[in-house]
$ cat input19.pdb   # PDB, C-alpha atoms
ATOM      1  CA  MET Y1128       8.673 -58.314  41.670
ATOM      2  CA  ASP Y1129       4.940 -59.109  41.720
ATOM      3  CA  ASP Y1130       3.141 -56.486  39.632
ATOM      4  CA  THR Y1131      -0.061 -58.454  39.065
ATOM      5  CA  PHE Y1132      -2.340 -55.991  40.876
ATOM      6  CA  SER Y1133      -0.786 -52.604  40.294
ATOM      7  CA  PRO Y1134      -3.162 -50.165  38.591
ATOM      8  CA  SER Y1135      -0.744 -47.262  38.945
ATOM      9  CA  ARG Y1136       1.802 -49.178  36.872
ATOM     10  CA  HIS Y1137      -0.518 -50.662  34.292
ATOM     11  CA  GLY Y1138      -2.861 -47.762  33.730
ATOM     12  CA  LEU Y1139      -6.297 -46.633  34.688
ATOM     13  CA  GLY Y1140      -9.147 -49.067  34.999
ATOM     14  CA  HIS Y1141     -12.632 -49.533  36.370
ATOM     15  CA  SER Y1142     -13.233 -51.546  39.523
ATOM     16  CA  THR Y1143     -16.137 -53.330  37.826
ATOM     17  CA  ASN Y1144     -16.530 -55.090  34.496
ATOM     18  CA  LEU Y1145     -18.649 -57.742  32.799
ATOM     19  CA  VAL Y1146     -16.221 -60.664  32.928
ATOM     20  CA  GLY Y1147     -15.853 -61.193  36.668
ATOM     21  CA  ARG Y1148     -12.063 -60.819  36.732
ATOM     22  CA  PRO Y1149     -10.065 -57.968  38.311
ATOM     23  CA  SER Y1150      -9.398 -55.341  35.658
ATOM     24  CA  ALA Y1151      -5.916 -54.578  36.971
ATOM     25  CA  TRP Y1152      -5.002 -58.247  36.711
ATOM     26  CA  MET Y1153      -6.290 -58.545  33.146
ATOM     27  CA  ALA Y1154      -4.133 -55.547  32.218
ATOM     28  CA  SER Y1155      -1.015 -57.030  33.820
ATOM     29  CA  PRO Y1156       1.854 -59.203  32.587
ATOM     30  CA  GLY Y1157       0.753 -61.746  35.182
ATOM     31  CA  PHE Y1158      -2.444 -62.424  33.260
ATOM     32  CA  ASN Y1159      -0.560 -62.660  29.987
ATOM     33  CA  ASP Y1160       1.850 -65.175  31.511
ATOM     34  CA  ALA Y1161      -0.909 -67.405  32.893
ATOM     35  CA  PRO Y1162      -4.210 -66.461  31.211
ATOM     36  CA  VAL Y1163      -7.633 -67.830  32.019
ATOM     37  CA  ALA Y1164     -10.706 -67.912  29.813
ATOM     38  CA  LEU Y1165     -12.692 -64.680  29.611
ATOM     39  CA  HIS Y1166     -16.428 -64.646  28.963
ATOM     40  CA  ILE Y1167     -18.793 -61.682  28.958
ATOM     41  CA  TRP Y1168     -21.657 -62.386  31.298
ATOM     42  CA  GLY Y1169     -24.846 -63.633  29.706
ATOM     43  CA  VAL Y1170     -23.818 -63.555  26.052
ATOM     44  CA  ARG Y1171     -23.801 -67.290  25.428
ATOM     45  CA  GLU Y1172     -26.807 -67.836  27.675
ATOM     46  CA  MET Y1173     -28.854 -65.200  25.813
ATOM     47  CA  ASN Y1174     -27.953 -66.562  22.375
ATOM     48  CA  PRO Y1175     -28.305 -70.355  22.643
ATOM     49  CA  ALA Y1176     -29.516 -70.693  19.035
ATOM     50  CA  LEU Y1177     -26.291 -69.171  17.736
ATOM     51  CA  PHE Y1178     -24.011 -71.507  19.636
ATOM     52  CA  THR Y1179     -26.155 -74.527  18.814
ATOM     53  CA  MET Y1180     -25.790 -73.573  15.151
ATOM     54  CA  LEU Y1181     -22.048 -73.036  15.535
ATOM     55  CA  ASP Y1182     -21.599 -76.461  17.104
ATOM     56  CA  GLN Y1183     -22.899 -77.996  13.882
ATOM     57  CA  ALA Y1184     -20.212 -76.342  11.755
ATOM     58  CA  GLU Y1185     -17.494 -78.608  10.422
ATOM     59  CA  THR Y1186     -15.023 -75.866   9.456
ATOM     60  CA  LEU Y1187     -14.150 -72.347  10.556
ATOM     61  CA  ALA Y1188     -15.494 -71.035   7.237
ATOM     62  CA  GLU Y1189     -18.883 -72.641   7.913
ATOM     63  CA  ALA Y1190     -18.913 -71.221  11.423
ATOM     64  CA  GLY Y1191     -18.063 -67.750  10.125
ATOM     65  CA  GLU Y1192     -20.909 -67.897   7.613
ATOM     66  CA  ALA Y1193     -23.301 -68.984  10.372
ATOM     67  CA  PHE Y1194     -22.180 -66.157  12.646
ATOM     68  CA  LEU Y1195     -22.599 -63.561   9.908
ATOM     69  CA  ALA Y1196     -26.060 -64.883   9.001
ATOM     70  CA  TYR Y1197     -27.111 -64.710  12.649
ATOM     71  CA  THR Y1198     -25.865 -61.152  13.226
ATOM     72  CA  VAL Y1199     -27.257 -59.869   9.915
ATOM     73  CA  ALA Y1200     -30.675 -61.222  10.891
ATOM     74  CA  MET Y1201     -30.488 -60.218  14.558
ATOM     75  CA  PHE Y1202     -29.363 -56.620  14.012
ATOM     76  CA  GLY Y1203     -30.738 -55.879  10.557
ATOM     77  CA  ILE Y1204     -27.275 -55.301   9.150
ATOM     78  CA  ASP Y1205     -27.252 -54.562   5.444
ATOM     79  CA  PRO Y1206     -25.808 -57.637   3.683
ATOM     80  CA  GLU Y1207     -23.582 -55.336   1.608
ATOM     81  CA  GLN Y1208     -21.540 -54.677   4.726
ATOM     82  CA  ARG Y1209     -20.355 -58.265   4.682
ATOM     83  CA  ASP Y1210     -17.861 -57.176   2.055
ATOM     84  CA  ALA Y1211     -17.008 -53.964   3.947
ATOM     85  CA  ALA Y1212     -16.375 -52.236   0.621
ATOM     86  CA  PRO Y1213     -13.717 -49.509   0.997
ATOM     87  CA  GLY Y1214     -14.915 -46.029   0.116
ATOM     88  CA  SER Y1215     -18.625 -46.821   0.343
ATOM     89  CA  ARG Y1216     -20.649 -43.729   1.192
ATOM     90  CA  LYS Y1217     -23.916 -45.510   1.840
ATOM     91  CA  ARG Y1218     -25.204 -44.985   5.375
ATOM     92  CA  PHE Y1219     -25.673 -48.339   7.044
ATOM     93  CA  ARG Y1220     -27.055 -49.204  10.425
ATOM     94  CA  SER Y1221     -24.091 -49.386  12.753
ATOM     95  CA  SER Y1222     -22.375 -52.744  12.748
ATOM     96  CA  PHE Y1223     -19.266 -54.405  14.101
ATOM     97  CA  LEU Y1224     -18.139 -54.912  10.488
ATOM     98  CA  ARG Y1225     -17.898 -51.172   9.900
ATOM     99  CA  LEU Y1226     -16.050 -50.713  13.179
ATOM    100  CA  ILE Y1227     -13.437 -53.316  12.284
ATOM    101  CA  GLN Y1228     -13.104 -51.808   8.812
ATOM    102  CA  GLY Y1229     -12.681 -48.332  10.303
ATOM    103  CA  TRP Y1230     -10.058 -49.581  12.729
ATOM    104  CA  GLY Y1231      -8.117 -50.995   9.787
ATOM    105  CA  PHE Y1232      -8.025 -47.530   8.198
ATOM    106  CA  ASP Y1233      -7.275 -45.551  11.378
ATOM    107  CA  SER Y1234      -7.296 -46.953  14.905
ATOM    108  CA  ASN Y1235      -7.521 -43.376  16.224
ATOM    109  CA  GLY Y1236     -10.672 -42.577  14.265
ATOM    110  CA  PRO Y1237     -14.216 -42.619  15.662
ATOM    111  CA  GLU Y1238     -14.586 -46.348  15.018
ATOM    112  CA  GLY Y1239     -11.455 -46.906  17.073
ATOM    113  CA  ALA Y1240     -12.922 -44.818  19.885
ATOM    114  CA  VAL Y1241     -16.050 -46.996  19.952
ATOM    115  CA  LEU Y1242     -13.964 -50.175  20.059
ATOM    116  CA  LYS Y1243     -11.777 -48.826  22.861
ATOM    117  CA  GLY Y1244     -14.944 -47.790  24.704
ATOM    118  CA  TRP Y1245     -16.286 -51.336  24.390
ATOM    119  CA  VAL Y1246     -13.103 -52.720  25.980
ATOM    120  CA  GLU Y1247     -13.447 -50.131  28.723
ATOM    121  CA  SER Y1248     -17.069 -51.033  29.483
ATOM    122  CA  ARG Y1249     -16.718 -54.824  29.286
ATOM    123  CA  PHE Y1250     -13.242 -55.434  30.708
ATOM    124  CA  GLY Y1251     -12.688 -52.302  32.777
ATOM    125  CA  ILE Y1252      -9.400 -51.435  31.039
ATOM    126  CA  LEU Y1253      -9.239 -47.765  30.058
ATOM    127  CA  PRO Y1254      -7.466 -46.552  26.914
ATOM    128  CA  SER Y1255      -4.062 -44.929  27.273
ATOM    129  CA  PHE Y1256      -3.986 -43.384  23.811
ATOM    130  CA  HIS Y1257      -6.446 -41.896  21.334
ATOM    131  CA  LYS Y1258      -4.848 -39.482  18.893
ATOM    132  CA  GLU Y1259      -2.510 -38.595  21.761
ATOM    133  CA  ILE Y1260      -1.546 -39.906  25.194
ATOM    134  CA  ILE Y1261      -4.469 -39.873  27.651
ATOM    135  CA  PRO Y1262      -2.869 -38.846  30.967
ATOM    136  CA  ASP Y1263      -6.023 -38.948  33.104
ATOM    137  CA  THR Y1264      -9.815 -39.066  32.979
ATOM    138  CA  GLN Y1265     -10.346 -35.381  33.708
ATOM    139  CA  GLY Y1266      -8.546 -33.485  30.986
ATOM    140  CA  PRO Y1267      -9.399 -32.443  27.432
ATOM    141  CA  VAL Y1268      -7.813 -35.490  25.768
ATOM    142  CA  TRP Y1269     -10.100 -37.824  27.701
ATOM    143  CA  GLN Y1270     -13.116 -35.617  26.998
ATOM    144  CA  ALA Y1271     -12.378 -35.623  23.275
ATOM    145  CA  TYR Y1272     -12.104 -39.430  23.310
ATOM    146  CA  VAL Y1273     -15.424 -39.774  25.143
ATOM    147  CA  ALA Y1274     -17.161 -37.409  22.724
ATOM    148  CA  GLU Y1275     -15.941 -39.449  19.762
ATOM    149  CA  ARG Y1276     -16.764 -42.752  21.449
ATOM    150  CA  MET Y1277     -20.358 -41.672  22.049
ATOM    151  CA  GLN Y1278     -21.189 -40.408  18.552
ATOM    152  CA  SER Y1279     -24.812 -41.305  17.889
ATOM    153  CA  ARG Y1280     -24.142 -42.690  14.411
ATOM    154  CA  PHE Y1281     -22.383 -45.668  15.993
ATOM    155  CA  HIS Y1282     -24.904 -46.340  18.758
ATOM    156  CA  ASP Y1283     -28.194 -46.857  16.942
ATOM    157  CA  ASN Y1284     -28.071 -50.636  16.734
ATOM    158  CA  ALA Y1285     -26.903 -52.223  20.019
ATOM    159  CA  ILE Y1286     -23.321 -51.949  18.822
ATOM    160  CA  LEU Y1287     -21.795 -53.009  22.148
ATOM    161  CA  VAL Y1288     -23.936 -56.147  22.149
ATOM    162  CA  GLN Y1289     -22.720 -56.897  18.624
ATOM    163  CA  LEU Y1290     -19.138 -56.652  19.857
ATOM    164  CA  ASP Y1291     -19.983 -58.906  22.805
ATOM    165  CA  LEU Y1292     -21.154 -61.555  20.354
ATOM    166  CA  LEU Y1293     -18.052 -61.072  18.206
ATOM    167  CA  PHE Y1294     -15.756 -61.623  21.182
ATOM    168  CA  GLU Y1295     -17.598 -64.745  22.300
ATOM    169  CA  PHE Y1296     -17.629 -66.118  18.764
ATOM    170  CA  CYS Y1297     -13.914 -65.405  18.403
ATOM    171  CA  GLN Y1298     -13.148 -67.224  21.642
ATOM    172  CA  TRP Y1299     -15.324 -70.156  20.550
ATOM    173  CA  ALA Y1300     -13.570 -70.276  17.163
ATOM    174  CA  VAL Y1301     -10.095 -70.088  18.710
ATOM    175  CA  ALA Y1302     -10.789 -73.130  20.869
ATOM    176  CA  ARG Y1303     -12.763 -75.134  18.300
ATOM    177  CA  PHE Y1304     -11.005 -74.554  14.974
ATOM    178  CA  ALA Y1305      -8.254 -71.943  14.813
ATOM    179  CA  TYR Y1306      -5.866 -72.754  17.688
ATOM    180  CA  PRO Y1307      -7.206 -75.735  19.659
ATOM    181  CA  GLY Y1308      -5.095 -76.644  22.665
ATOM    182  CA  GLN Y1309      -2.988 -73.479  22.445
ATOM    183  CA  SER Y1310      -2.834 -70.699  25.024
ATOM    184  CA  HIS Y1311      -0.598 -68.123  23.276
ATOM    185  CA  LEU Y1312       0.549 -66.863  19.899
ATOM    186  CA  THR Y1313       3.818 -65.089  19.118
ATOM    187  CA  LEU Y1314       2.873 -61.819  17.440
ATOM    188  CA  TYR Y1315       4.687 -58.695  16.251
ATOM    189  CA  ARG Y1316       4.114 -54.963  16.239
ATOM    190  CA  GLY Y1317       6.072 -52.184  14.571
ATOM    191  CA  ILE Y1318       6.615 -49.070  16.683
ATOM    192  CA  ASN Y1319       8.595 -45.855  16.517
ATOM    193  CA  ALA Y1320       8.905 -44.196  19.925
ATOM    194  CA  VAL Y1321       9.050 -46.890  22.594
ATOM    195  CA  ASP Y1322       8.620 -44.293  25.340
ATOM    196  CA  ARG Y1323       5.266 -43.391  23.850
ATOM    197  CA  HIS Y1324       4.000 -46.821  24.849
ATOM    198  CA  GLY Y1325       5.036 -46.338  28.460
ATOM    199  CA  ILE Y1326       8.020 -48.388  29.570
ATOM    200  CA  LEU Y1327       7.107 -49.869  32.940
ATOM    201  CA  GLU Y1328      10.244 -51.926  33.405
ATOM    202  CA  GLN Y1329      13.441 -51.974  31.332
ATOM    203  CA  GLN Y1330      14.921 -55.393  32.022
ATOM    204  CA  SER Y1331      17.660 -55.086  29.425
ATOM    205  CA  ARG Y1332      18.330 -53.236  26.182
ATOM    206  CA  ARG Y1333      16.039 -55.623  24.337
ATOM    207  CA  ALA Y1334      13.637 -56.786  27.039
ATOM    208  CA  ALA Y1335      11.001 -54.650  28.719
ATOM    209  CA  VAL Y1336       7.523 -54.485  30.136
ATOM    210  CA  ILE Y1337       5.579 -51.842  28.238
ATOM    211  CA  ARG Y1338       2.074 -50.526  28.516
ATOM    212  CA  LEU Y1339       0.040 -50.787  25.323
ATOM    213  CA  ASN Y1340      -3.388 -49.332  24.626
ATOM    214  CA  ASN Y1341      -6.515 -51.113  25.882
ATOM    215  CA  LEU Y1342      -7.046 -52.446  22.346
ATOM    216  CA  VAL Y1343      -4.027 -52.973  20.133
ATOM    217  CA  SER Y1344      -3.129 -54.467  16.754
ATOM    218  CA  PHE Y1345      -0.460 -57.098  16.222
ATOM    219  CA  SER Y1346       0.571 -58.972  13.114
ATOM    220  CA  SER Y1347       1.399 -62.642  12.792
ATOM    221  CA  ASP Y1348       3.826 -61.696   9.988
ATOM    222  CA  ARG Y1349       7.050 -60.093  11.165
ATOM    223  CA  GLU Y1350       7.801 -58.668   7.700
ATOM    224  CA  VAL Y1351       4.460 -56.865   7.721
ATOM    225  CA  ALA Y1352       5.157 -55.434  11.177
ATOM    226  CA  ASP Y1353       8.488 -54.110   9.848
ATOM    227  CA  CYS Y1354       6.527 -51.644   7.707
ATOM    228  CA  PHE Y1355       4.993 -49.830  10.688
ATOM    229  CA  GLY Y1356       7.962 -48.562  12.646
ATOM    230  CA  ASP Y1357      11.710 -48.503  13.119
ATOM    231  CA  ARG Y1358      11.536 -51.084  15.886
ATOM    232  CA  ILE Y1359       9.740 -54.378  16.297
ATOM    233  CA  ILE Y1360       8.249 -55.639  19.520
ATOM    234  CA  THR Y1361       7.646 -59.361  19.838
ATOM    235  CA  THR Y1362       5.437 -60.835  22.518
ATOM    236  CA  ARG Y1363       3.410 -63.886  23.454
ATOM    237  CA  VAL Y1364      -0.238 -62.861  23.248
ATOM    238  CA  PRO Y1365      -2.766 -64.921  25.215
ATOM    239  CA  LEU Y1366      -5.534 -66.196  22.957
ATOM    240  CA  ALA Y1367      -7.995 -65.307  25.718
ATOM    241  CA  LYS Y1368      -7.414 -61.655  24.768
ATOM    242  CA  VAL Y1369      -8.068 -61.938  21.031
ATOM    243  CA  LEU Y1370     -11.156 -60.116  19.695
ATOM    244  CA  PHE Y1371     -10.555 -60.655  15.977
ATOM    245  CA  PHE Y1372      -8.077 -62.475  13.763
ATOM    246  CA  PRO Y1373      -7.715 -62.792   9.982
ATOM    247  CA  GLY Y1374      -9.853 -65.634   8.726
ATOM    248  CA  LEU Y1375     -12.338 -65.485  11.587
ATOM    249  CA  LEU Y1376     -15.005 -64.397   9.092
ATOM    250  CA  PRO Y1377     -15.397 -64.989   5.341
ATOM    251  CA  SER Y1378     -14.406 -61.367   4.747
ATOM    252  CA  PRO Y1379     -11.269 -59.485   3.678
ATOM    253  CA  LEU Y1380     -11.226 -57.558   6.955
ATOM    254  CA  LEU Y1381      -7.670 -57.218   8.348
ATOM    255  CA  ARG Y1382      -6.352 -60.049   6.169
ATOM    256  CA  GLY Y1383      -3.825 -58.013   4.216
ATOM    257  CA  GLU Y1384      -1.651 -57.238   7.224
ATOM    258  CA  ARG Y1385      -2.396 -60.491   9.079
ATOM    259  CA  GLU Y1386      -3.794 -58.278  11.824
ATOM    260  CA  PHE Y1387      -4.990 -59.471  15.208
ATOM    261  CA  LEU Y1388      -7.069 -57.237  17.499
ATOM    262  CA  VAL Y1389      -6.039 -57.881  21.083
ATOM    263  CA  LEU Y1390      -7.102 -56.580  24.480
ATOM    264  CA  GLY Y1391      -4.217 -54.517  25.762
ATOM    265  CA  GLY Y1392      -2.451 -53.621  28.962
ATOM    266  CA  ALA Y1393       1.110 -54.324  30.055
ATOM    267  CA  PHE Y1394       3.107 -56.872  28.027
ATOM    268  CA  ARG Y1395       6.521 -58.423  28.371
ATOM    269  CA  VAL Y1396       8.181 -57.763  25.032
ATOM    270  CA  SER Y1397      11.464 -58.071  23.221
ATOM    271  CA  ILE Y1398      12.477 -54.973  21.262
ATOM    272  CA  GLU Y1399      14.619 -55.061  18.136
ATOM    273  CA  ASP Y1400      15.825 -52.339  15.802
ATOM    274  CA  ILE Y1401      14.969 -52.903  12.152
TER     275      ILE Y1401
END
$ encode --input "input19.pdb" --output "structure tokens"
Amino acid sequence: MDDTFSPSRHGLGHSTNLVGRPSAWMASPGFNDAPVALHIWGVREMNPALFTMLDQAETLAEAGEAFLAYTVAMFGIDPEQRDAAPGSRKRFRSSFLRLIQGWGFDSNGPEGAVLKGWVESRFGILPSFHKEIIPDTQGPVWQAYVAERMQSRFHDNAILVQLDLLFEFCQWAVARFAYPGQSHLTLYRGINAVDRHGILEQQSRRAAVIRLNNLVSFSSDREVADCFGDRIITTRVPLAKVLFFPGLLPSPLLRGEREFLVLGGAFRVSIEDI
């Protein structure tokens, strides 16, 4: 069965995006099986100084420091946010660091809504879940998601552009330092109700194609994933879909759970009871 271009199976999506690839394809198992590089139009071309600076780095740590220095200067981000101190009540200008930190606390919070909205606007893949299943783009669940996504406190500092830069830096770092020559990683996710994720195809008791949200967390540590559900899904994640991984920046963000932020859609997975 060829389900590469099947929006009704893989969820809602826009017909346009900023990467020049069909949204339905990017959300499909076909893309995950044979991924291609994804680049957001104009980001590298509009920031040549950043990528010239990155090319001079000899380690991922040096590159991460250079990226942070560039974004702090470009967007006037308070340097204290580099540490993303938990529990801080100080009001900062919006930054990708606070969004990633907020996602780590609660992926269904307002920071999570902004991140899912960025995926929607750049890749054309709509979210399927925010606090509850989003069945369509007309009802109250969708409206509540949009209201949270558009909160003014997160949109005072070109936050979507910041995320564009983060994605392009992540993709650069994956190819240059973190996983050169690789196309996929085997990652894990703990879940409870499999049906909640939308089973698209049940190939066997332990093998399925399931629909995940448009942005989803995985862990590279199976024992960590065990803590987040009564079942474990294992899948091969294309590196072309990774937005953030532990160690990308000299920061504690998402390190504790070895958490990867990945563009979602439909994935071929194996499912095991814990």
$ resolve_selection --input "input19.pdb" --expression "the PyMOL selection byres ((chain Y and resi 1337-1345) around 9)" --output "mmCIF file with C-alpha atoms, in the frame of the given file"
data_model
loop_
_atom_site.group_PDB
_atom_site.id
_atom_site.type_symbol
_atom_site.label_atom_id
_atom_site.label_comp_id
_atom_site.auth_asym_id
_atom_site.auth_seq_id
_atom_site.Cartn_x
_atom_site.Cartn_y
_atom_site.Cartn_z
ATOM 1 C CA ARG Y 1136 1.802 -49.178 36.872
ATOM 2 C CA HIS Y 1137 -0.518 -50.662 34.292
ATOM 3 C CA GLY Y 1138 -2.861 -47.762 33.730
ATOM 4 C CA ALA Y 1154 -4.133 -55.547 32.218
ATOM 5 C CA SER Y 1155 -1.015 -57.030 33.820
ATOM 6 C CA SER Y 1234 -7.296 -46.953 14.905
ATOM 7 C CA GLY Y 1239 -11.455 -46.906 17.073
ATOM 8 C CA LEU Y 1242 -13.964 -50.175 20.059
ATOM 9 C CA LYS Y 1243 -11.777 -48.826 22.861
ATOM 10 C CA VAL Y 1246 -13.103 -52.720 25.980
ATOM 11 C CA GLU Y 1247 -13.447 -50.131 28.723
ATOM 12 C CA ILE Y 1252 -9.400 -51.435 31.039
ATOM 13 C CA LEU Y 1253 -9.239 -47.765 30.058
ATOM 14 C CA PRO Y 1254 -7.466 -46.552 26.914
ATOM 15 C CA SER Y 1255 -4.062 -44.929 27.273
ATOM 16 C CA PHE Y 1256 -3.986 -43.384 23.811
ATOM 17 C CA HIS Y 1257 -6.446 -41.896 21.334
ATOM 18 C CA LEU Y 1314 2.873 -61.819 17.440
ATOM 19 C CA TYR Y 1315 4.687 -58.695 16.251
ATOM 20 C CA ARG Y 1316 4.114 -54.963 16.239
ATOM 21 C CA GLY Y 1317 6.072 -52.184 14.571
ATOM 22 C CA VAL Y 1321 9.050 -46.890 22.594
ATOM 23 C CA ASP Y 1322 8.620 -44.293 25.340
ATOM 24 C CA HIS Y 1324 4.000 -46.821 24.849
ATOM 25 C CA GLY Y 1325 5.036 -46.338 28.460
ATOM 26 C CA ILE Y 1326 8.020 -48.388 29.570
ATOM 27 C CA LEU Y 1327 7.107 -49.869 32.940
ATOM 28 C CA GLU Y 1328 10.244 -51.926 33.405
ATOM 29 C CA GLN Y 1329 13.441 -51.974 31.332
ATOM 30 C CA ALA Y 1335 11.001 -54.650 28.719
ATOM 31 C CA VAL Y 1336 7.523 -54.485 30.136
ATOM 32 C CA SER Y 1346 0.571 -58.972 13.114
ATOM 33 C CA SER Y 1347 1.399 -62.642 12.792
ATOM 34 C CA ASP Y 1348 3.826 -61.696 9.988
ATOM 35 C CA ALA Y 1352 5.157 -55.434 11.177
ATOM 36 C CA ARG Y 1385 -2.396 -60.491 9.079
ATOM 37 C CA GLU Y 1386 -3.794 -58.278 11.824
ATOM 38 C CA PHE Y 1387 -4.990 -59.471 15.208
ATOM 39 C CA LEU Y 1388 -7.069 -57.237 17.499
ATOM 40 C CA VAL Y 1389 -6.039 -57.881 21.083
ATOM 41 C CA LEU Y 1390 -7.102 -56.580 24.480
ATOM 42 C CA GLY Y 1391 -4.217 -54.517 25.762
ATOM 43 C CA GLY Y 1392 -2.451 -53.621 28.962
ATOM 44 C CA ALA Y 1393 1.110 -54.324 30.055
ATOM 45 C CA PHE Y 1394 3.107 -56.872 28.027
ATOM 46 C CA ARG Y 1395 6.521 -58.423 28.371
ATOM 47 C CA VAL Y 1396 8.181 -57.763 25.032
#
$ resolve_selection --input "input19.pdb" --expression "the PyMOL selection byres ((chain Y and resi 1259) around 10)" --output "list in words"
Asn1235, Ser1255, Phe1256, His1257, Lys1258, Ile1260, Ile1261, Pro1262, Val1268, Trp1269, Tyr1272 and Arg1323 of chain Y
$ resolve_selection --input "input19.pdb" --expression "the PyMOL selection byres ((chain Y and resi 1297) around 9)" --output "MDAnalysis selection string"
chainID Y and resid 1292:1296 1298:1302 1369:1372 1375
$ closest_residue --input "input19.pdb" --among "Y:Met1277, Y:Leu1181, Y:Leu1224, Y:Val1351" --to "Pro1237 of chain Y" --atoms "all atoms listed in the file"
Y:Met1277
$ closest_residue --input "input19.pdb" --among "Y:Glu1399, Y:Glu1238, Y:Asp1353, Y:Asp1263" --to "His1282 of chain Y" --atoms "all atoms listed in the file"
Y:Glu1238
$ atom_distance --input "input19.pdb" --atom1 "atom CA of Glu1384 of chain Y" --atom2 "atom CA of Arg1276 of chain Y"
25.3 Å
$ atom_distance --input "input19.pdb" --atom1 "atom CA of Ile1286 of chain Y" --atom2 "atom CA of Trp1245 of chain Y"
9.0 Å
$ atom_distance --input "input19.pdb" --atom1 "atom CA of Gly1383 of chain Y" --atom2 "atom CA of Gly1244 of chain Y"
25.5 Å
$ residues_around --input "input19.pdb" --residues "Asn1144 of chain Y" --least-positions-apart "4" --cutoff "12 Å" --atoms "all atoms listed in the file" --output "ChimeraX atom specification"
/Y:1140,1148-1151,1153,1165-1168,1245-1253
$ closest_residue --input "input19.pdb" --among "Y:Ser1222, Y:Leu1187, Y:Ser1142, Y:Asn1319" --to "Pro1307 of chain Y" --atoms "all atoms listed in the file"
Y:Leu1187
$ axis_aligned_box --input "input19.pdb" --around "segment 1161-1164 of chain Y" --padding-each-side "6 Å" --output "JSON"
{"center_x": -5.8, "center_y": -67.2, "center_z": 31.4, "size_x": 21.8, "size_y": 13.5, "size_z": 15.1}
$ residues_around --input "input19.pdb" --residues "Gly1169 of chain Y" --least-positions-apart "3" --cutoff "10 Å" --atoms "all atoms listed in the file" --output "list in words"
Leu1145, Val1146, His1166, Glu1172, Met1173, Asn1174 and Asp1291 of chain Y
$ closest_residue --input "input19.pdb" --among "Y:Ile1360, Y:Glu1185, Y:Leu1380, Y:Ser1397" --to "Ser1331 of chain Y" --atoms "all atoms listed in the file"
Y:Ser1397
